[in-house]
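Visitor: So that you have it, the file is final.pdb, and it contains PDB, C-alpha atoms:
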```pdb
ATOM      1  CA  MET A   1     -44.067   8.970  14.870
ATOM      2  CA  THR A   2     -44.743   5.228  14.845
ATOM      3  CA  LYS A   3     -46.952   2.947  12.860
ATOM      4  CA  GLU A   4     -48.356  -0.516  13.446
ATOM      5  CA  VAL A   5     -46.722  -3.112  11.232
ATOM      6  CA  LEU A   6     -48.268  -6.491  10.503
ATOM      7  CA  GLU A   7     -45.741  -9.071   9.347
ATOM      8  CA  ILE A   8     -47.324 -11.811   7.287
ATOM      9  CA  THR A   9     -46.001 -15.346   6.947
ATOM     10  CA  PRO A  10     -45.778 -16.921   3.456
ATOM     11  CA  SER A  11     -48.942 -18.890   4.280
ATOM     12  CA  GLY A  12     -50.786 -15.678   5.056
ATOM     13  CA  GLY A  13     -50.842 -15.868   8.857
ATOM     14  CA  ILE A  14     -49.923 -12.888  11.035
ATOM     15  CA  TYR A  15     -47.102 -13.810  13.356
ATOM     16  CA  CYS A  16     -46.262 -10.511  15.041
ATOM     17  CA  ILE A  17     -47.472  -6.982  15.584
ATOM     18  CA  VAL A  18     -44.825  -4.394  16.402
ATOM     19  CA  ASN A  19     -44.512  -0.639  16.570
ATOM     20  CA  LEU A  20     -41.668   0.698  14.459
ATOM     21  CA  PRO A  21     -40.526   4.197  13.518
ATOM     22  CA  LYS A  22     -42.026   5.245  10.228
ATOM     23  CA  PRO A  23     -39.114   5.206   7.759
ATOM     24  CA  ALA A  24     -38.244   8.242   5.728
ATOM     25  CA  VAL A  25     -38.892   7.564   2.054
ATOM     26  CA  LYS A  26     -36.220   8.778  -0.329
ATOM     27  CA  THR A  27     -37.866   9.715  -3.604
ATOM     28  CA  HIS A  28     -36.609  10.816  -6.985
ATOM     29  CA  ASP A  29     -37.656  14.139  -8.478
ATOM     30  CA  PHE A  30     -39.374  12.815 -11.605
ATOM     31  CA  SER A  31     -39.653  16.292 -13.075
ATOM     32  CA  LYS A  32     -35.896  16.365 -13.757
ATOM     33  CA  PRO A  33     -34.029  14.444 -16.467
ATOM     34  CA  GLY A  34     -31.450  11.825 -15.582
ATOM     35  CA  GLY A  35     -31.130   8.232 -14.481
ATOM     36  CA  TYR A  36     -33.779   6.638 -12.287
ATOM     37  CA  LEU A  37     -32.935   4.048  -9.651
ATOM     38  CA  ILE A  38     -35.091   0.971 -10.172
ATOM     39  CA  ASN A  39     -35.638   0.606  -6.454
ATOM     40  CA  GLU A  40     -36.932   4.193  -6.252
ATOM     41  CA  LEU A  41     -39.250   3.644  -9.212
ATOM     42  CA  LEU A  42     -40.783   0.657  -7.455
ATOM     43  CA  GLU A  43     -41.109   2.632  -4.240
ATOM     44  CA  GLN A  44     -42.865   5.446  -6.097
ATOM     45  CA  LEU A  45     -45.302   2.944  -7.581
ATOM     46  CA  ARG A  46     -45.980   1.486  -4.147
ATOM     47  CA  LEU A  47     -46.829   4.942  -2.814
ATOM     48  CA  ASP A  48     -48.703   6.211  -5.867
ATOM     49  CA  HIS A  49     -50.347   3.925  -8.422
ATOM     50  CA  ASN A  50     -51.417   6.823 -10.657
ATOM     51  CA  THR A  51     -49.941   5.808 -14.022
ATOM     52  CA  ASP A  52     -52.715   6.906 -16.344
ATOM     53  CA  GLY A  53     -50.506   7.241 -19.423
ATOM     54  CA  SER A  54     -50.063  11.017 -19.319
ATOM     55  CA  PHE A  55     -46.336  11.474 -19.898
ATOM     56  CA  LEU A  56     -44.606  14.717 -18.975
ATOM     57  CA  THR A  57     -41.159  13.283 -18.249
ATOM     58  CA  ASP A  58     -39.163  10.149 -18.962
ATOM     59  CA  GLY A  59     -39.733   9.282 -15.319
ATOM     60  CA  ASP A  60     -43.460   9.132 -16.058
ATOM     61  CA  ILE A  61     -42.727   6.794 -18.963
ATOM     62  CA  LEU A  62     -40.647   4.503 -16.772
ATOM     63  CA  ARG A  63     -43.229   4.423 -14.003
ATOM     64  CA  TRP A  64     -45.922   3.593 -16.553
ATOM     65  CA  GLY A  65     -43.768   0.880 -18.136
ATOM     66  CA  ILE A  66     -42.791  -0.831 -14.899
ATOM     67  CA  SER A  67     -46.342  -0.551 -13.568
ATOM     68  CA  ARG A  68     -47.684  -2.263 -16.675
ATOM     69  CA  LEU A  69     -45.042  -5.003 -16.612
ATOM     70  CA  CYS A  70     -45.773  -5.666 -12.945
ATOM     71  CA  GLU A  71     -49.322  -6.682 -13.852
ATOM     72  CA  ALA A  72     -47.753  -9.935 -15.100
ATOM     73  CA  PRO A  73     -46.113 -12.355 -12.639
ATOM     74  CA  MET A  74     -42.972 -12.598 -14.780
ATOM     75  CA  GLY A  75     -42.785  -8.824 -15.230
ATOM     76  CA  ARG A  76     -43.160  -8.248 -11.513
ATOM     77  CA  SER A  77     -40.340 -10.703 -10.815
ATOM     78  CA  LEU A  78     -38.087  -9.064 -13.416
ATOM     79  CA  ALA A  79     -38.559  -5.637 -11.856
ATOM     80  CA  HIS A  80     -37.996  -6.806  -8.304
ATOM     81  CA  ASP A  81     -34.958  -8.926  -9.228
ATOM     82  CA  ALA A  82     -33.342  -5.877 -10.880
ATOM     83  CA  ARG A  83     -33.853  -3.484  -7.983
ATOM     84  CA  PHE A  84     -30.719  -4.486  -6.079
ATOM     85  CA  ASP A  85     -27.184  -3.031  -6.238
ATOM     86  CA  ASP A  86     -28.394   0.482  -7.152
ATOM     87  CA  TRP A  87     -29.088  -0.257 -10.815
ATOM     88  CA  MET A  88     -30.660   2.647 -12.672
ATOM     89  CA  ILE A  89     -32.364   3.292 -16.007
ATOM     90  CA  MET A  90     -31.643   6.205 -18.326
ATOM     91  CA  VAL A  91     -34.158   6.931 -21.102
ATOM     92  CA  GLU A  92     -32.670   8.337 -24.307
ATOM     93  CA  ASP A  93     -33.897   9.540 -27.685
ATOM     94  CA  GLY A  94     -33.900   6.789 -30.275
ATOM     95  CA  ASP A  95     -35.874   5.222 -33.114
ATOM     96  CA  SER A  96     -36.717   1.617 -33.926
ATOM     97  CA  GLU A  97     -33.128   0.937 -35.001
ATOM     98  CA  THR A  98     -31.663   2.010 -31.657
ATOM     99  CA  ARG A  99     -30.814  -0.789 -29.257
ATOM    100  CA  LEU A 100     -30.681  -0.844 -25.503
ATOM    101  CA  LEU A 101     -27.284  -0.735 -23.815
ATOM    102  CA  ILE A 102     -26.133  -1.911 -20.410
ATOM    103  CA  ASP A 103     -23.148  -0.227 -18.775
ATOM    104  CA  THR A 104     -22.045  -2.598 -16.046
ATOM    105  CA  ASP A 105     -19.420  -0.209 -14.683
ATOM    106  CA  ILE A 106     -21.952   2.418 -13.636
ATOM    107  CA  LYS A 107     -24.837  -0.073 -13.344
ATOM    108  CA  CYS A 108     -27.085   1.710 -15.812
ATOM    109  CA  LEU A 109     -29.542   0.452 -18.419
ATOM    110  CA  PHE A 110     -29.705   2.927 -21.312
ATOM    111  CA  LEU A 111     -33.133   2.471 -22.840
ATOM    112  CA  PRO A 112     -34.272   4.182 -26.062
ATOM    113  CA  ARG A 113     -37.640   5.911 -25.983
ATOM    114  CA  TYR A 114     -38.267   4.864 -29.607
ATOM    115  CA  ALA A 115     -39.537   8.369 -30.290
ATOM    116  CA  ASP A 116     -37.745  11.681 -30.753
ATOM    117  CA  SER A 117     -39.708  13.334 -27.966
ATOM    118  CA  ILE A 118     -42.036  12.546 -25.100
ATOM    119  CA  THR A 119     -44.879  14.126 -27.089
ATOM    120  CA  GLU A 120     -44.289  11.739 -29.990
ATOM    121  CA  PHE A 121     -44.065   8.818 -27.581
ATOM    122  CA  THR A 122     -47.453   9.734 -26.113
ATOM    123  CA  LYS A 123     -49.041   9.587 -29.577
ATOM    124  CA  SER A 124     -47.326   6.410 -30.803
ATOM    125  CA  GLN A 125     -48.564   3.041 -29.572
ATOM    126  CA  PRO A 126     -45.805   1.165 -31.480
ATOM    127  CA  SER A 127     -43.200   3.253 -29.626
ATOM    128  CA  GLN A 128     -44.883   2.466 -26.321
ATOM    129  CA  MET A 129     -45.061  -1.261 -27.036
ATOM    130  CA  GLU A 130     -41.435  -1.470 -28.205
ATOM    131  CA  PHE A 131     -40.423   0.413 -25.072
ATOM    132  CA  LEU A 132     -42.299  -2.143 -22.949
ATOM    133  CA  PHE A 133     -40.606  -5.034 -24.729
ATOM    134  CA  GLN A 134     -37.132  -3.577 -24.332
ATOM    135  CA  LEU A 135     -37.780  -2.572 -20.718
ATOM    136  CA  ALA A 136     -38.702  -6.159 -19.826
ATOM    137  CA  LYS A 137     -35.693  -7.400 -21.764
ATOM    138  CA  GLY A 138     -33.369  -4.923 -20.079
ATOM    139  CA  LEU A 139     -34.566  -5.896 -16.603
ATOM    140  CA  ARG A 140     -33.861  -9.549 -17.387
ATOM    141  CA  LEU A 141     -30.414  -8.617 -18.752
ATOM    142  CA  ILE A 142     -29.595  -6.891 -15.474
ATOM    143  CA  TRP A 143     -30.355 -10.140 -13.669
ATOM    144  CA  GLN A 144     -28.322 -12.084 -16.232
ATOM    145  CA  HIS A 145     -25.350  -9.796 -15.629
ATOM    146  CA  GLY A 146     -25.305 -10.686 -11.960
ATOM    147  CA  ALA A 147     -25.791 -14.373 -12.694
ATOM    148  CA  THR A 148     -23.262 -14.840 -15.509
ATOM    149  CA  GLN A 149     -20.741 -11.980 -15.640
ATOM    150  CA  GLN A 150     -18.018 -13.674 -13.618
ATOM    151  CA  LYS A 151     -18.237 -16.795 -15.753
ATOM    152  CA  ALA A 152     -18.363 -14.775 -18.981
ATOM    153  CA  ASN A 153     -15.079 -13.028 -18.188
ATOM    154  CA  ASN A 154     -13.283 -16.378 -17.957
ATOM    155  CA  LEU A 155     -14.737 -18.109 -21.018
ATOM    156  CA  ASP A 156     -12.818 -18.818 -24.189
ATOM    157  CA  ALA A 157     -13.935 -16.884 -27.262
ATOM    158  CA  LYS A 158     -16.150 -19.598 -28.743
ATOM    159  CA  ASP A 159     -18.114 -20.209 -25.565
ATOM    160  CA  PHE A 160     -18.321 -16.476 -24.872
ATOM    161  CA  VAL A 161     -20.176 -16.126 -28.179
ATOM    162  CA  LEU A 162     -22.489 -19.019 -27.287
ATOM    163  CA  LEU A 163     -23.226 -17.604 -23.834
ATOM    164  CA  ASN A 164     -24.186 -14.232 -25.314
ATOM    165  CA  ARG A 165     -26.571 -15.973 -27.699
ATOM    166  CA  MET A 166     -28.194 -17.797 -24.824
ATOM    167  CA  ILE A 167     -28.544 -14.637 -22.748
ATOM    168  CA  GLU A 168     -30.103 -12.807 -25.697
ATOM    169  CA  ALA A 169     -32.505 -15.674 -26.319
ATOM    170  CA  ASP A 170     -33.499 -15.832 -22.666
ATOM    171  CA  SER A 171     -34.157 -12.097 -22.424
ATOM    172  CA  ASP A 172     -36.287 -12.154 -25.589
ATOM    173  CA  LEU A 173     -38.293 -15.119 -24.321
ATOM    174  CA  SER A 174     -38.757 -13.464 -20.937
ATOM    175  CA  SER A 175     -40.291 -10.406 -22.622
ATOM    176  CA  ILE A 176     -42.592 -12.590 -24.708
ATOM    177  CA  LEU A 177     -43.697 -14.474 -21.598
ATOM    178  CA  VAL A 178     -44.581 -11.163 -19.934
ATOM    179  CA  ALA A 179     -46.685 -10.206 -22.960
ATOM    180  CA  TYR A 180     -48.457 -13.573 -22.891
ATOM    181  CA  GLN A 181     -49.268 -13.213 -19.192
ATOM    182  CA  LEU A 182     -50.616  -9.701 -19.774
ATOM    183  CA  ARG A 183     -52.775 -11.087 -22.577
ATOM    184  CA  GLU A 184     -54.196 -13.616 -20.133
ATOM    185  CA  LYS A 185     -55.194 -10.691 -17.904
ATOM    186  CA  GLY A 186     -57.018  -8.945 -20.741
ATOM    187  CA  ASP A 187     -54.202  -6.587 -21.832
ATOM    188  CA  HIS A 188     -53.935  -7.490 -25.519
ATOM    189  CA  ASP A 189     -52.089  -4.480 -26.977
ATOM    190  CA  PHE A 190     -48.595  -5.663 -26.035
ATOM    191  CA  TRP A 191     -49.248  -9.168 -27.323
ATOM    192  CA  ARG A 192     -50.649  -7.928 -30.632
ATOM    193  CA  TYR A 193     -47.559  -5.788 -31.103
ATOM    194  CA  ILE A 194     -45.227  -8.759 -30.626
ATOM    195  CA  LEU A 195     -47.245 -10.760 -33.159
ATOM    196  CA  SER A 196     -46.428  -8.060 -35.720
ATOM    197  CA  ALA A 197     -42.719  -7.888 -34.862
ATOM    198  CA  GLU A 198     -39.552  -9.911 -35.486
ATOM    199  CA  LEU A 199     -40.243 -12.566 -32.859
ATOM    200  CA  SER A 200     -43.814 -13.299 -33.969
ATOM    201  CA  LYS A 201     -43.167 -16.960 -34.879
ATOM    202  CA  VAL A 202     -41.535 -17.620 -31.520
ATOM    203  CA  ALA A 203     -44.443 -15.889 -29.763
ATOM    204  CA  VAL A 204     -47.075 -17.913 -31.624
ATOM    205  CA  THR A 205     -45.336 -21.168 -30.727
ATOM    206  CA  LEU A 206     -45.101 -20.175 -27.063
ATOM    207  CA  CYS A 207     -48.775 -19.218 -27.041
ATOM    208  CA  GLU A 208     -49.856 -22.532 -28.568
ATOM    209  CA  CYS A 209     -47.809 -24.495 -26.033
ATOM    210  CA  LEU A 210     -49.062 -22.533 -23.028
ATOM    211  CA  ASP A 211     -52.674 -22.593 -24.189
ATOM    212  CA  PHE A 212     -52.378 -26.376 -24.378
ATOM    213  CA  ASP A 213     -50.721 -26.763 -20.952
ATOM    214  CA  PRO A 214     -50.623 -23.660 -18.707
ATOM    215  CA  SER A 215     -49.130 -25.528 -15.728
ATOM    216  CA  MET A 216     -45.608 -24.864 -14.430
ATOM    217  CA  ASP A 217     -44.327 -27.998 -16.167
ATOM    218  CA  GLY A 218     -46.066 -26.851 -19.324
ATOM    219  CA  MET A 219     -44.423 -23.447 -19.109
ATOM    220  CA  LEU A 220     -40.966 -24.981 -18.662
ATOM    221  CA  ASP A 221     -41.537 -27.267 -21.650
ATOM    222  CA  ALA A 222     -42.834 -24.357 -23.728
ATOM    223  CA  MET A 223     -39.878 -22.114 -22.888
ATOM    224  CA  GLY A 224     -37.425 -24.886 -23.716
ATOM    225  CA  PHE A 225     -39.175 -25.545 -27.024
ATOM    226  CA  VAL A 226     -39.243 -21.911 -28.164
ATOM    227  CA  PHE A 227     -35.633 -21.475 -27.018
ATOM    228  CA  GLN A 228     -34.774 -23.948 -29.762
ATOM    229  CA  ASP A 229     -36.980 -22.053 -32.229
ATOM    230  CA  TRP A 230     -35.188 -18.805 -31.412
ATOM    231  CA  PHE A 231     -31.894 -20.224 -32.731
ATOM    232  CA  ALA A 232     -33.404 -20.933 -36.159
ATOM    233  CA  ASP A 233     -33.011 -17.314 -37.332
ATOM    234  CA  GLU A 234     -29.491 -17.095 -38.748
ATOM    235  CA  ALA A 235     -29.668 -13.340 -39.312
ATOM    236  CA  ARG A 236     -30.391 -12.911 -35.604
ATOM    237  CA  LEU A 237     -27.481 -15.157 -34.663
ATOM    238  CA  SER A 238     -25.126 -13.302 -36.992
ATOM    239  CA  ARG A 239     -26.055  -9.916 -35.540
ATOM    240  CA  ILE A 240     -25.480 -11.094 -31.980
ATOM    241  CA  ASP A 241     -22.234 -12.853 -32.916
ATOM    242  CA  HIS A 242     -20.953  -9.643 -34.498
ATOM    243  CA  ASP A 243     -21.638  -7.743 -31.284
ATOM    244  CA  SER A 244     -19.976 -10.440 -29.165
ATOM    245  CA  LEU A 245     -16.852 -10.509 -31.313
ATOM    246  CA  SER A 246     -16.649  -6.716 -31.298
ATOM    247  CA  GLU A 247     -16.863  -6.806 -27.511
ATOM    248  CA  LEU A 248     -13.966  -9.264 -27.375
ATOM    249  CA  ASP A 249     -11.934  -6.949 -29.618
ATOM    250  CA  GLU A 250     -12.557  -4.008 -27.318
ATOM    251  CA  ARG A 251     -11.695  -5.798 -24.083
ATOM    252  CA  GLU A 252      -8.305  -5.087 -22.593
ATOM    253  CA  GLU A 253      -7.932  -8.655 -21.339
ATOM    254  CA  GLU A 254      -7.595 -11.676 -23.588
ATOM    255  CA  PRO A 255     -10.468 -14.177 -23.539
ATOM    256  CA  GLY A 256     -10.206 -16.819 -20.858
ATOM    257  CA  THR A 257      -9.709 -20.547 -21.216
ATOM    258  CA  GLU A 258     -12.792 -21.935 -19.472
ATOM    259  CA  ASN A 259     -15.717 -23.645 -21.162
ATOM    260  CA  LEU A 260     -19.424 -23.552 -20.481
ATOM    261  CA  GLN A 261     -20.659 -26.326 -18.230
ATOM    262  CA  PHE A 262     -24.054 -27.897 -17.646
ATOM    263  CA  ASP A 263     -24.635 -25.800 -14.516
ATOM    264  CA  ASP A 264     -23.957 -22.580 -16.447
ATOM    265  CA  LEU A 265     -26.793 -23.310 -18.864
ATOM    266  CA  ILE A 266     -29.091 -24.120 -15.975
ATOM    267  CA  GLN A 267     -28.241 -20.745 -14.432
ATOM    268  CA  VAL A 268     -28.893 -18.805 -17.646
ATOM    269  CA  SER A 269     -32.334 -20.389 -18.024
ATOM    270  CA  MET A 270     -33.389 -20.116 -14.383
ATOM    271  CA  LEU A 271     -36.837 -18.545 -14.024
ATOM    272  CA  PRO A 272     -37.762 -16.474 -10.950
ATOM    273  CA  ASP A 273     -39.651 -19.478  -9.570
ATOM    274  CA  GLY A 274     -36.334 -21.311  -9.246
ATOM    275  CA  PHE A 275     -36.890 -23.730 -12.134
ATOM    276  CA  SER A 276     -34.758 -24.014 -15.278
ATOM    277  CA  TYR A 277     -36.417 -24.542 -18.641
ATOM    278  CA  LEU A 278     -33.211 -26.078 -20.064
ATOM    279  CA  GLU A 279     -32.757 -28.721 -17.390
ATOM    280  CA  TYR A 280     -33.289 -31.580 -19.819
ATOM    281  CA  ALA A 281     -31.631 -29.990 -22.862
ATOM    282  CA  ALA A 282     -28.538 -28.314 -21.396
ATOM    283  CA  ALA A 283     -26.203 -31.286 -21.841
ATOM    284  CA  ASP A 284     -27.058 -31.581 -25.549
ATOM    285  CA  ILE A 285     -26.819 -27.861 -26.312
ATOM    286  CA  LEU A 286     -23.091 -27.707 -25.596
ATOM    287  CA  SER A 287     -22.314 -30.302 -28.262
ATOM    288  CA  ASP A 288     -25.104 -29.643 -30.772
ATOM    289  CA  ALA A 289     -23.963 -27.857 -33.941
ATOM    290  CA  TYR A 290     -27.433 -26.326 -34.265
ATOM    291  CA  TYR A 291     -26.638 -24.099 -31.280
ATOM    292  CA  THR A 292     -22.899 -23.618 -31.839
ATOM    293  CA  ARG A 293     -22.807 -23.026 -35.610
ATOM    294  CA  ILE A 294     -21.501 -19.702 -36.944
ATOM    295  CA  PRO A 295     -23.680 -19.037 -40.017
ATOM    296  CA  ASP A 296     -21.882 -15.873 -41.150
ATOM    297  CA  ALA A 297     -18.515 -16.456 -42.853
ATOM    298  CA  THR A 298     -17.125 -13.080 -41.774
ATOM    299  CA  ASN A 299     -17.977 -13.757 -38.151
ATOM    300  CA  GLU A 300     -16.447 -17.216 -38.406
ATOM    301  CA  ALA A 301     -13.186 -15.770 -39.745
ATOM    302  CA  HIS A 302     -13.244 -13.108 -37.029
ATOM    303  CA  LEU A 303     -13.693 -15.744 -34.322
ATOM    304  CA  LYS A 304     -10.812 -17.830 -35.690
ATOM    305  CA  GLN A 305      -8.605 -14.735 -35.682
ATOM    306  CA  ILE A 306      -9.429 -13.996 -32.040
ATOM    307  CA  ILE A 307      -8.747 -17.620 -31.075
ATOM    308  CA  ALA A 308      -5.390 -17.552 -32.893
ATOM    309  CA  GLU A 309      -4.390 -14.259 -31.266
ATOM    310  CA  THR A 310      -5.340 -15.627 -27.857
ATOM    311  CA  GLN A 311      -3.168 -18.696 -28.403
ATOM    312  CA  VAL A 312      -0.213 -16.518 -29.432
ATOM    313  CA  ALA A 313      -0.670 -14.307 -26.386
ATOM    314  CA  MET A 314      -0.756 -17.361 -24.127
ATOM    315  CA  LEU A 315       2.445 -18.735 -25.655
ATOM    316  CA  GLU A 316       4.174 -15.377 -25.285
ATOM    317  CA  ASP A 317       3.065 -15.221 -21.669
ATOM    318  CA  ILE A 318       4.478 -18.695 -21.014
ATOM    319  CA  GLY A 319       7.746 -17.696 -22.687
ATOM    320  CA  PHE A 320       7.982 -14.543 -20.593
ATOM    321  CA  ARG A 321       7.438 -16.443 -17.369
ATOM    322  CA  ASP A 322      10.016 -19.068 -18.350
ATOM    323  CA  GLN A 323      12.609 -16.337 -18.939
ATOM    324  CA  GLU A 324      11.844 -14.854 -15.547
ATOM    325  CA  LEU A 325      12.345 -18.260 -13.963
ATOM    326  CA  ALA A 326      15.586 -18.803 -15.877
ATOM    327  CA  ARG A 327      17.046 -15.551 -14.537
ATOM    328  CA  LYS A 328      16.300 -16.743 -11.030
TER     329      LYS A 328
END
```
Spell out the structure here as structure tokens.
Guide:
Amino acid sequence: MTKEVLEITPSGGIYCIVNLPKPAVKTHDFSKPGGYLINELLEQLRLDHNTDGSFLTDGDILRWGISRLCEAPMGRSLAHDARFDDWMIMVEDGDSETRLLIDTDIKCLFLPRYADSITEFTKSQPSQMEFLFQLAKGLRLIWQHGATQQKANNLDAKDFVLLNRMIEADSDLSSILVAYQLREKGDHDFWRYILSAELSKVAVTLCECLDFDPSMDGMLDAMGFVFQDWFADEARLSRIDHDSLSELDEREEEPGTENLQFDDLIQVSMLPDGFSYLEYAAADILSDAYYTRIPDATNEAHLKQIIAETQVAMLEDIGFRDQELARK
């Protein structure tokens, strides 16, 4: 069986008409629990736009969430950027204290439902809105993994901590931008939820900036401005630093010796349009104590310990190699 395919140029003109075999569509059985490939979720939404909010399975929840995010330009880009390399999403039980987790080995985003059951999720708008926020954040984190993971593995401990802060800030801001764009389309529930949550001050500032100048340049300026605001919360920084240092403790390899460069910050802050909102601030961030400070004394001591242990390991490695050379 064949179908007529119209290929459209970016300007909207039709440049060819061909007959191609109709491809077989591989679909996920959404009635069964398990992980859901992002690419399959998007394909399901392309074939069936029925996401009326009646949730029977976690697959229904995911389809609803991605469908709603895709109503915003940023949300649509996040979903489509994350669909490569067979990444999947697993929905788990969890309350407001449960945090999302990314397993890069199996390429899976573990996303809490923020309700003990699907029935409770259906009845709870706060659970639904938190799920939307974390889904957008998780999709951006998947992109960040592909963009920064190789560099992260080679960074020294101090810059590894800074990079994780920047990635966390970027993913939070990306979710807020999605909510703002949905608000502009008349979907106010998500935006109102964010205004009642931890990042409300950052969201208000972003809104004021974008309302004043909604152009692309205005959006880049706004994102850069609220990126700075995000770093003002020392409790937030301390929580993320603790997680970063714990990750370094659990790694089999010692931290690397490389440092963050200007281009790395540009990459972290690259929006789907291909523009970076840190283009004019990146050089200052690397040397500005406002961004590099460690506000928690325990975290600071922990970081110094990791740095000292890394230096000892490097010296021992040099000594070992010298002995090997001496025997030769």
Visitor: May I have the centre and edge lengths, in Å to one decimal, of an axis-aligned box around the listed atoms of stretch 110-123 of chain A with 4 Å added to every side, as AutoDock Vina command-line options?
Guide:
```
--center_x -39.4 --center_y 8.3 --center_z -26.0 --size_x 27.3 --size_y 19.7 --size_z 17.4
```
Visitor: I need the output of the PyMOL selection byres ((chain A and resi 131) around 12) for this file as a ChimeraX atom specification; which residues are they?
Guide: /A:58,61-62,64-66,68-69,91-96,98-100,110-115,121-122,124-130,132-138,175,190,193-194
Visitor: If we count only C-alpha atoms and set the cut-off at 8 Å, which residues sit around stretch 148-165 of chain A, ignoring sequence neighbours fewer than 4 positions away in its own chain? Please answer as a list in words.
Guide: Gln144, Ala169, Leu237, Ile240, Asp241, Ser244, Leu245, Leu248, Pro255, Gly256, Thr257, Glu258, Asn259, Leu260, Asp264, Gln267, Val268, Tyr291, Thr292, Leu303, Ile306 and Ile307 of chain A
Visitor: To one decimal in Å, tell me the separation between atom CA of A:Leu265 and atom CA of A:Ala283.
Guide: 8.5 Å
Visitor: Can you translate the PyMOL selection byres ((chain A and resi 80-86) around 12) into the concrete residues it hits in this file, as a PDB file with C-alpha atoms, keeping the file's coordinate frame?
Guide:
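Result file is out_26.pdb:
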```pdb
ATOM      1  CA  GLY A  35     -31.130   8.232 -14.481  1.00  0.00           C
ATOM      2  CA  TYR A  36     -33.779   6.638 -12.287  1.00  0.00           C
ATOM      3  CA  LEU A  37     -32.935   4.048  -9.651  1.00  0.00           C
ATOM      4  CA  ILE A  38     -35.091   0.971 -10.172  1.00  0.00           C
ATOM      5  CA  ASN A  39     -35.638   0.606  -6.454  1.00  0.00           C
ATOM      6  CA  GLU A  40     -36.932   4.193  -6.252  1.00  0.00           C
ATOM      7  CA  LEU A  41     -39.250   3.644  -9.212  1.00  0.00           C
ATOM      8  CA  LEU A  42     -40.783   0.657  -7.455  1.00  0.00           C
ATOM      9  CA  GLU A  43     -41.109   2.632  -4.240  1.00  0.00           C
ATOM     10  CA  ILE A  66     -42.791  -0.831 -14.899  1.00  0.00           C
ATOM     11  CA  SER A  67     -46.342  -0.551 -13.568  1.00  0.00           C
ATOM     12  CA  LEU A  69     -45.042  -5.003 -16.612  1.00  0.00           C
ATOM     13  CA  CYS A  70     -45.773  -5.666 -12.945  1.00  0.00           C
ATOM     14  CA  PRO A  73     -46.113 -12.355 -12.639  1.00  0.00           C
ATOM     15  CA  MET A  74     -42.972 -12.598 -14.780  1.00  0.00           C
ATOM     16  CA  GLY A  75     -42.785  -8.824 -15.230  1.00  0.00           C
ATOM     17  CA  ARG A  76     -43.160  -8.248 -11.513  1.00  0.00           C
ATOM     18  CA  SER A  77     -40.340 -10.703 -10.815  1.00  0.00           C
ATOM     19  CA  LEU A  78     -38.087  -9.064 -13.416  1.00  0.00           C
ATOM     20  CA  ALA A  79     -38.559  -5.637 -11.856  1.00  0.00           C
ATOM     21  CA  TRP A  87     -29.088  -0.257 -10.815  1.00  0.00           C
ATOM     22  CA  MET A  88     -30.660   2.647 -12.672  1.00  0.00           C
ATOM     23  CA  ILE A  89     -32.364   3.292 -16.007  1.00  0.00           C
ATOM     24  CA  THR A 104     -22.045  -2.598 -16.046  1.00  0.00           C
ATOM     25  CA  ASP A 105     -19.420  -0.209 -14.683  1.00  0.00           C
ATOM     26  CA  ILE A 106     -21.952   2.418 -13.636  1.00  0.00           C
ATOM     27  CA  LYS A 107     -24.837  -0.073 -13.344  1.00  0.00           C
ATOM     28  CA  CYS A 108     -27.085   1.710 -15.812  1.00  0.00           C
ATOM     29  CA  LEU A 109     -29.542   0.452 -18.419  1.00  0.00           C
ATOM     30  CA  LEU A 135     -37.780  -2.572 -20.718  1.00  0.00           C
ATOM     31  CA  ALA A 136     -38.702  -6.159 -19.826  1.00  0.00           C
ATOM     32  CA  LYS A 137     -35.693  -7.400 -21.764  1.00  0.00           C
ATOM     33  CA  GLY A 138     -33.369  -4.923 -20.079  1.00  0.00           C
ATOM     34  CA  LEU A 139     -34.566  -5.896 -16.603  1.00  0.00           C
ATOM     35  CA  ARG A 140     -33.861  -9.549 -17.387  1.00  0.00           C
ATOM     36  CA  LEU A 141     -30.414  -8.617 -18.752  1.00  0.00           C
ATOM     37  CA  ILE A 142     -29.595  -6.891 -15.474  1.00  0.00           C
ATOM     38  CA  TRP A 143     -30.355 -10.140 -13.669  1.00  0.00           C
ATOM     39  CA  GLN A 144     -28.322 -12.084 -16.232  1.00  0.00           C
ATOM     40  CA  HIS A 145     -25.350  -9.796 -15.629  1.00  0.00           C
ATOM     41  CA  GLY A 146     -25.305 -10.686 -11.960  1.00  0.00           C
ATOM     42  CA  ALA A 147     -25.791 -14.373 -12.694  1.00  0.00           C
ATOM     43  CA  LEU A 271     -36.837 -18.545 -14.024  1.00  0.00           C
ATOM     44  CA  PRO A 272     -37.762 -16.474 -10.950  1.00  0.00           C
ATOM     45  CA  ASP A 273     -39.651 -19.478  -9.570  1.00  0.00           C
TER      46      ASP A 273
END
```
Visitor: Which one of A:Met223, A:Thr298, A:Thr310, A:Ala235 sits closest to A:Glu254 if you count all atoms listed in the file?
Guide: A:Thr310
